[in-house]
Amino acid sequence: MLAPTIVIPSFAGGRMDSPAAVHKSYQRFFAWTFMLATMLAFVLVWVELAFSPLPAPPPMTVRPTAGGFDLHDLQLLLTVTALIAAFVSLAGLIVTTPLAWLDRRKARARAALELAFKRQDHINWLAAERAGSWLVPDRRPLMGRHRRSPGRVHGSAH
């Protein structure tokens, strides 16, 4: 029997083979998550500070049950969740940024090396072509001597 395969879609919608593309997509994800979570946390803290909180219950009261969950507790839960998401996404952004930078640097070095190899191959090809043309006697360039035809006599000797 064949085991079922699970295909996980990527952020870009296509197949990402290179680590640089993966690190770049993670970097974008963490950056957007950090921005949105930070804005949500700031808005929730502003709402908390702008509107006066409810007076504190007397210390002798019983803790609220699940049915007694009020809006203030929900706001506090959302604020803490947004702050945690902001700090975790900031940590992810701090980790993925150097990885993406190193991948771009490796890609530039690899491209420069490939270009150097292509240039060297071209230089080797030109040198081989020149050496090949010099080895053939008919195509050898003249080195400062002029060829004279043996049947021709110069001057007025006729």
# chains A, B, ... in the order shown; residues from 1 in each chain; ligands from 1
>>> residues_around(residues="Thr79 in chain A", least_positions_apart="6", cutoff="9 Å", atoms="only C-alpha atoms", output="ChimeraX atom specification")
/A:40-45
>>> closest_residue(among="A:Leu115, A:Arg28, A:Ala21, A:Thr33", to="Ala86 in chain A", atoms="only C-alpha atoms")
A:Thr33
>>> atom_distance(atom1="CA of Tyr26 in chain A", atom2="CA of Ala100 in chain A")
9.2 Å
>>> atom_distance(atom1="CA of Thr38 in chain A", atom2="CA of Leu78 in chain A")
11.9 Å
>>> atom_distance(atom1="CA of Met39 in chain A", atom2="CA of Leu93 in chain A")
16.4 Å
>>> closest_residue(among="A:Ala37, A:Ala20, A:Leu113, A:Leu102", to="Val80 in chain A", atoms="only C-alpha atoms")
A:Ala37
>>> residues_around(residues="range 104-108 of chain A", least_positions_apart="3", cutoff="12 Å", atoms="only C-alpha atoms", output="compact mmCIF listing (two decimals) with N, CA, C and O atoms, in the first residue's frame")
# COMPACT_ATOMS: atom_id res chain seq x y z
N SER A 18 14.58 26.92 -3.29
CA SER A 18 15.78 27.49 -2.71
C SER A 18 15.52 27.94 -1.27
O SER A 18 14.44 28.42 -0.95
N PRO A 19 16.52 27.79 -0.42
CA PRO A 19 16.37 28.26 0.96
C PRO A 19 16.20 29.77 1.03
O PRO A 19 15.57 30.28 1.94
N ALA A 20 16.75 30.49 0.06
CA ALA A 20 16.61 31.95 0.06
C ALA A 20 15.14 32.35 -0.07
O ALA A 20 14.68 33.26 0.62
N ALA A 21 14.40 31.68 -0.93
CA ALA A 21 12.99 31.99 -1.10
C ALA A 21 12.19 31.64 0.15
O ALA A 21 11.28 32.37 0.55
N VAL A 22 12.54 30.53 0.79
CA VAL A 22 11.85 30.13 2.02
C VAL A 22 12.13 31.12 3.13
O VAL A 22 11.22 31.58 3.82
N HIS A 23 13.40 31.50 3.30
CA HIS A 23 13.75 32.46 4.36
C HIS A 23 13.11 33.82 4.09
O HIS A 23 12.67 34.49 5.03
N LYS A 24 13.05 34.22 2.83
CA LYS A 24 12.44 35.51 2.50
C LYS A 24 10.94 35.48 2.80
O LYS A 24 10.39 36.47 3.31
N THR A 97 16.06 37.30 9.45
CA THR A 97 16.72 38.37 8.70
C THR A 97 18.18 38.05 8.38
O THR A 97 18.59 38.17 7.22
N PRO A 98 19.00 37.61 9.35
CA PRO A 98 20.37 37.24 8.97
C PRO A 98 20.43 36.03 8.03
O PRO A 98 21.30 35.96 7.17
N LEU A 99 19.49 35.09 8.20
CA LEU A 99 19.48 33.92 7.31
C LEU A 99 19.20 34.35 5.87
O LEU A 99 19.86 33.88 4.94
N ALA A 100 18.23 35.22 5.69
CA ALA A 100 17.92 35.71 4.33
C ALA A 100 19.09 36.52 3.77
O ALA A 100 19.41 36.42 2.59
N TRP A 101 19.74 37.31 4.61
CA TRP A 101 20.89 38.09 4.16
C TRP A 101 22.03 37.18 3.73
O TRP A 101 22.67 37.40 2.70
N ALA A 111 26.77 33.48 -8.19
CA ALA A 111 26.59 34.07 -9.52
C ALA A 111 27.90 34.67 -10.04
O ALA A 111 28.22 34.53 -11.22
N ALA A 112 28.65 35.30 -9.15
CA ALA A 112 29.94 35.86 -9.56
C ALA A 112 30.91 34.76 -9.96
O ALA A 112 31.66 34.89 -10.92
N LEU A 113 30.90 33.65 -9.23
CA LEU A 113 31.77 32.53 -9.55
C LEU A 113 31.39 31.90 -10.88
O LEU A 113 32.26 31.60 -11.71
N GLU A 114 30.09 31.74 -11.13
CA GLU A 114 29.65 31.19 -12.41
C GLU A 114 30.01 32.12 -13.57
O GLU A 114 30.41 31.66 -14.63
N LEU A 115 29.89 33.42 -13.34
CA LEU A 115 30.28 34.37 -14.38
C LEU A 115 31.78 34.30 -14.65
O LEU A 115 32.21 34.35 -15.81
>>> decode(residues="range 99-123 of chain A", atoms="C-alpha atoms", output="mmCIF file, in the first residue's frame")
data_model
loop_
_atom_site.group_PDB
_atom_site.id
_atom_site.type_symbol
_atom_site.label_atom_id
_atom_site.label_comp_id
_atom_site.auth_asym_id
_atom_site.auth_seq_id
_atom_site.Cartn_x
_atom_site.Cartn_y
_atom_site.Cartn_z
ATOM 1 C CA LEU A 99 19.485 33.924 7.310
ATOM 2 C CA ALA A 100 17.921 35.711 4.327
ATOM 3 C CA TRP A 101 20.891 38.095 4.165
ATOM 4 C CA LEU A 102 23.356 35.181 4.147
ATOM 5 C CA ASP A 103 21.364 33.417 1.434
ATOM 6 C CA ARG A 104 21.414 36.537 -0.751
ATOM 7 C CA ARG A 105 25.157 36.878 -0.156
ATOM 8 C CA LYS A 106 25.762 33.223 -1.096
ATOM 9 C CA ALA A 107 23.647 33.650 -4.232
ATOM 10 C CA ARG A 108 25.644 36.725 -5.279
ATOM 11 C CA ALA A 109 28.940 34.898 -4.666
ATOM 12 C CA ARG A 110 27.698 31.868 -6.610
ATOM 13 C CA ALA A 111 26.589 34.073 -9.521
ATOM 14 C CA ALA A 112 29.943 35.859 -9.560
ATOM 15 C CA LEU A 113 31.773 32.528 -9.547
ATOM 16 C CA GLU A 114 29.646 31.190 -12.408
ATOM 17 C CA LEU A 115 30.275 34.374 -14.376
ATOM 18 C CA ALA A 116 34.020 34.019 -13.768
ATOM 19 C CA PHE A 117 33.883 30.409 -14.980
ATOM 20 C CA LYS A 118 31.996 31.480 -18.112
ATOM 21 C CA ARG A 119 34.550 34.197 -18.802
ATOM 22 C CA GLN A 120 37.417 31.753 -18.261
ATOM 23 C CA ASP A 121 35.775 29.254 -20.595
ATOM 24 C CA HIS A 122 35.426 31.998 -23.201
ATOM 25 C CA ILE A 123 39.085 32.991 -22.756
#
